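Asks: Structure below; questions to follow.
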Amino acid sequence: MGRLENKVAVITGAASGIGRATALRFASESAHVVVADVAEDAGTALAAEIGGTYVHVDVANEHSVEALYTTTADVYGGIDILFNNAGISPADDDSILTTGLDAWRRVQEVNLTSVYLCCRYGIPHLQRRGGGSIINTASFVAVMGSATSQVSYTASKGGVLSMSRELGVQFAREGIRVNALCPGPVNTPLLQELFAKDPERAARRLIHIPMGRFAEPDEIASAVLFLASDDSSFITASTFLVDGGINGAYVTPL
């Protein structure tokens, strides 16, 4: 019997990176997993691999998000876990002196407004179940300045953190836990793309990690599983750092 036996979990940004690793982990723990993503081919393949359901969703579109949860409830009869994980970090999000308003808005829509929409339309389904767990992907940059400027990304993740804290307090007595997952740099396609485009910028991230390496998606998935399961039944409104020691370091030994 898995730790998520008969639980229904919706994962946004599930087709790759942390989302994919988490979908695989949830499925191995006996959850019914909804793979929610814009990447139809990869999402469909993953859903088939784990015996789940793929739903195409644009997380920045209100009607698309609402339909995601309606479809999930229709298929599985309810929802227990929301992992609001979709996000972007485009190259044109850089210094505040160079990042244009269009780039700023696009990142805010995908990274922050999406979490608002997913919680707005997902929480009523958890209420009908009498409780549940929500994990919102923030970042270590939500609690400290980034060594590589990405002003809209950093601001969006700070918003995710603050919103998660408020929702965790608001819905605690309804049995709905809301936590902000704050990963350090993770070895995902997004980070690999950064290395390919700007190795110097990417290397600056590595030097600040006391553990001397990037996290693997499976390591972050383990943290998500903990927050989704009853193992974390007394944890809500938390800033859950999984950052290899970055937040605790004043200087990092070479």
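By convention in this document, the chains of the structure tokens carry letters A, B, ... by their order, each chain's residues are numbered from 1, and ligands are numbered from 1 in the order they are shown.
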Output as number ranges by chain all residues of stretch 72-188 of chain A that backbone DSSP marks as strand (DSSP E).
Replies: A: 81-84, 132-137, 176-183
Asks: Report as a ChimeraX atom specification: the residues of stretch 60-169 of chain A with a DSSP assignment of helix (DSSP H, G or I), based on the backbone of this structure.
Replies: /A:62-76,101-129,140-142,151-169
Asks: Rounded to one decimal in Å, what is the spacing between atom CA of A:Arg128 and atom CA of A:Tyr54?
Replies: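 So the two atoms, atom CA of A:Arg128 and atom CA of A:Tyr54, lie 22.8 Å apart.
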Asks: Taking into account only C-alpha atoms, which residue in the set A:Thr137, A:Ser28, A:Ser222, A:Ser89 is nearest to A:Cys182?
Replies: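 Ranking A:Thr137, A:Ser28, A:Ser222, A:Ser89 by distance to A:Cys182, first place goes to A:Thr137.
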Asks: Calculated over only C-alpha atoms, which of the candidates A:Glu66, A:Glu174, A:Glu166, A:Asp230 has the smallest distance to A:Gly122?
Replies: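 Answer, going by the shortest atom-to-atom distance: A:Glu66.
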Asks: Using only C-alpha atoms, find the one residue out of A:Leu117, A:Leu190, A:Val141, A:Ile176 that sits nearest to A:Asp243.
Replies: A:Val141
Asks: With only C-alpha atoms as the basis for distance, which of A:Ile81, A:Ala73, A:Leu97, A:Met144 is at the shortest distance from A:Gly248?
Replies: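 The shortest atom-to-atom distance to A:Gly248 comes from A:Met144.
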Asks: State, in Å with one decimal place, the distance from atom CA of A:Asn187 to atom CA of A:Ala91.
Replies: 17.3 Å
Asks: Determine, counting only C-alpha atoms, which protein, DNA and RNA residues have an atom within 10 Å of an atom of A:Phe240; residues of the same chain fewer than 3 positions away are not included. Present the result as a list in words.
Replies: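 Here the qualifying residues turn out to be Ile135, Thr137, Ala138, Ser139, Phe140, Leu161, Asn179, Ala180, Leu181, Cys182, Pro183, Ala223, Val224, Leu227, Ile235, Thr236, Ala237 and Asp243 of chain A.
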Asks: Using only C-alpha atoms, which residue out of A:Gly132, A:Gly87, A:Gly244, A:Gly175 lies closest to A:Glu216?
Replies: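 Of all the options, A:Gly244 lies closest to A:Glu216.
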Asks: I want to know what sits within 8 Å of A:Ile246, based on only C-alpha atoms, with residues of the same chain fewer than 5 positions away left out; could you give that as a CSV table (one decimal) with N, CA, C and O atoms, in the first residue's frame?
Replies:
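And here's part-v5.csv as it stands now:
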chain,number,residue,atom,x,y,z
A,140,PHE,N,14.1,29.1,-3.7
A,140,PHE,CA,15.0,29.7,-2.7
A,140,PHE,C,15.1,31.2,-2.9
A,140,PHE,O,15.4,31.9,-1.9
A,184,GLY,N,16.3,24.8,-4.3
A,184,GLY,CA,17.5,25.4,-4.9
A,184,GLY,C,17.5,25.1,-6.4
A,184,GLY,O,16.6,24.5,-6.9
A,208,HIS,N,27.5,28.9,-5.2
A,208,HIS,CA,26.9,29.3,-3.9
A,208,HIS,C,26.2,28.2,-3.2
A,208,HIS,O,25.6,28.4,-2.1
A,209,ILE,N,26.3,27.0,-3.7
A,209,ILE,CA,25.6,25.8,-3.1
A,209,ILE,C,26.6,25.1,-2.2
A,209,ILE,O,27.6,24.5,-2.7
A,210,PRO,N,26.4,25.1,-0.8
A,210,PRO,CA,27.4,24.4,0.0
A,210,PRO,C,27.6,22.9,-0.3
A,210,PRO,O,28.7,22.4,-0.2
Asks: Could you list, as a VMD selection string, every residue within 12 Å of A:Ala42, counting only C-alpha atoms and ignoring same-chain residues fewer than 2 positions away?
Replies: chain A and resid 13 to 17 19 to 20 35 to 40 44 to 49 54 to 56
Asks: Between A:Asp58, A:Pro124, A:Asp74, A:Leu82, which one has atoms that come closest to A:Val33, using only C-alpha atoms?
Replies: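 Once distances to A:Val33 are computed over only C-alpha atoms, the minimum belongs to A:Leu82.
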Asks: Suppose you want the space between atom CA of A:Asn111 and atom CA of A:Val178; what is it in Å?
Replies: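 Straight-line distance from atom CA of A:Asn111 to atom CA of A:Val178 works out to 16.8 Å.
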Asks: Could you pull the residues within 8 Å of A:Ser229, counting only C-alpha atoms, minus those fewer than 5 positions along the same chain, as a ChimeraX atom specification?
Replies: /A:3-4,133
Asks: Can you pull out the residues contacting A:Val151? Cut-off 10 Å, using only C-alpha atoms, and skip same-chain residues under 3 positions away; I want them as a VMD selection string.
Replies: chain A and resid 93 to 99 104 107 145 to 146 148 154 to 156
Asks: Those residues you just picked out, can you put them in a file as a PDB file, in the first residue's frame with N, CA, C and O atoms?
Replies:
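Result file part_38.pdb:
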ATOM      1  N   ASP A  93      14.062  37.796 -18.954  1.00  0.00           N
ATOM      2  CA  ASP A  93      13.831  38.216 -17.573  1.00  0.00           C
ATOM      3  C   ASP A  93      15.190  38.298 -16.901  1.00  0.00           C
ATOM      4  O   ASP A  93      15.768  37.291 -16.516  1.00  0.00           O
ATOM      5  N   ASP A  94      15.705  39.498 -16.766  1.00  0.00           N
ATOM      6  CA  ASP A  94      17.079  39.681 -16.292  1.00  0.00           C
ATOM      7  C   ASP A  94      17.092  40.820 -15.275  1.00  0.00           C
ATOM      8  O   ASP A  94      16.285  40.842 -14.351  1.00  0.00           O
ATOM      9  N   SER A  95      17.966  41.763 -15.417  1.00  0.00           N
ATOM     10  CA  SER A  95      18.039  42.926 -14.533  1.00  0.00           C
ATOM     11  C   SER A  95      16.787  43.784 -14.679  1.00  0.00           C
ATOM     12  O   SER A  95      16.183  43.856 -15.758  1.00  0.00           O
ATOM     13  N   ILE A  96      16.406  44.467 -13.617  1.00  0.00           N
ATOM     14  CA  ILE A  96      15.274  45.387 -13.684  1.00  0.00           C
ATOM     15  C   ILE A  96      15.547  46.513 -14.685  1.00  0.00           C
ATOM     16  O   ILE A  96      14.620  47.118 -15.224  1.00  0.00           O
ATOM     17  N   LEU A  97      16.817  46.756 -14.977  1.00  0.00           N
ATOM     18  CA  LEU A  97      17.185  47.813 -15.922  1.00  0.00           C
ATOM     19  C   LEU A  97      17.011  47.390 -17.373  1.00  0.00           C
ATOM     20  O   LEU A  97      16.976  48.249 -18.267  1.00  0.00           O
ATOM     21  N   THR A  98      16.900  46.096 -17.609  1.00  0.00           N
ATOM     22  CA  THR A  98      16.799  45.611 -18.986  1.00  0.00           C
ATOM     23  C   THR A  98      15.542  44.786 -19.267  1.00  0.00           C
ATOM     24  O   THR A  98      15.200  44.559 -20.425  1.00  0.00           O
ATOM     25  N   THR A  99      14.869  44.339 -18.226  1.00  0.00           N
ATOM     26  CA  THR A  99      13.676  43.508 -18.415  1.00  0.00           C
ATOM     27  C   THR A  99      12.483  44.374 -18.792  1.00  0.00           C
ATOM     28  O   THR A  99      12.075  45.258 -18.032  1.00  0.00           O
ATOM     29  N   TRP A 104       8.142  40.961 -18.010  1.00  0.00           N
ATOM     30  CA  TRP A 104       7.696  40.973 -16.609  1.00  0.00           C
ATOM     31  C   TRP A 104       6.314  40.351 -16.474  1.00  0.00           C
ATOM     32  O   TRP A 104       6.075  39.466 -15.656  1.00  0.00           O
ATOM     33  N   VAL A 107       6.020  36.414 -17.164  1.00  0.00           N
ATOM     34  CA  VAL A 107       6.498  35.589 -16.060  1.00  0.00           C
ATOM     35  C   VAL A 107       5.522  35.627 -14.891  1.00  0.00           C
ATOM     36  O   VAL A 107       5.226  34.592 -14.273  1.00  0.00           O
ATOM     37  N   GLY A 145      18.134  37.090  -2.018  1.00  0.00           N
ATOM     38  CA  GLY A 145      18.430  37.641  -3.330  1.00  0.00           C
ATOM     39  C   GLY A 145      19.125  36.633  -4.222  1.00  0.00           C
ATOM     40  O   GLY A 145      19.912  35.807  -3.767  1.00  0.00           O
ATOM     41  N   SER A 146      18.812  36.703  -5.511  1.00  0.00           N
ATOM     42  CA  SER A 146      19.423  35.780  -6.468  1.00  0.00           C
ATOM     43  C   SER A 146      20.790  36.296  -6.907  1.00  0.00           C
ATOM     44  O   SER A 146      20.982  37.492  -7.120  1.00  0.00           O
ATOM     45  N   THR A 148      22.056  35.616  -9.721  1.00  0.00           N
ATOM     46  CA  THR A 148      21.884  35.935 -11.139  1.00  0.00           C
ATOM     47  C   THR A 148      20.532  36.607 -11.291  1.00  0.00           C
ATOM     48  O   THR A 148      19.500  35.982 -11.051  1.00  0.00           O
ATOM     49  N   THR A 154      11.999  36.192  -9.589  1.00  0.00           N
ATOM     50  CA  THR A 154      12.183  36.317  -8.149  1.00  0.00           C
ATOM     51  C   THR A 154      10.949  36.911  -7.488  1.00  0.00           C
ATOM     52  O   THR A 154      10.474  36.420  -6.457  1.00  0.00           O
ATOM     53  N   ALA A 155      10.407  37.974  -8.087  1.00  0.00           N
ATOM     54  CA  ALA A 155       9.206  38.598  -7.527  1.00  0.00           C
ATOM     55  C   ALA A 155       8.017  37.645  -7.548  1.00  0.00           C
ATOM     56  O   ALA A 155       7.235  37.578  -6.600  1.00  0.00           O
ATOM     57  N   SER A 156       7.889  36.885  -8.633  1.00  0.00           N
ATOM     58  CA  SER A 156       6.760  35.952  -8.730  1.00  0.00           C
ATOM     59  C   SER A 156       6.845  34.869  -7.663  1.00  0.00           C
ATOM     60  O   SER A 156       5.839  34.488  -7.061  1.00  0.00           O
TER      61      SER A 156
END
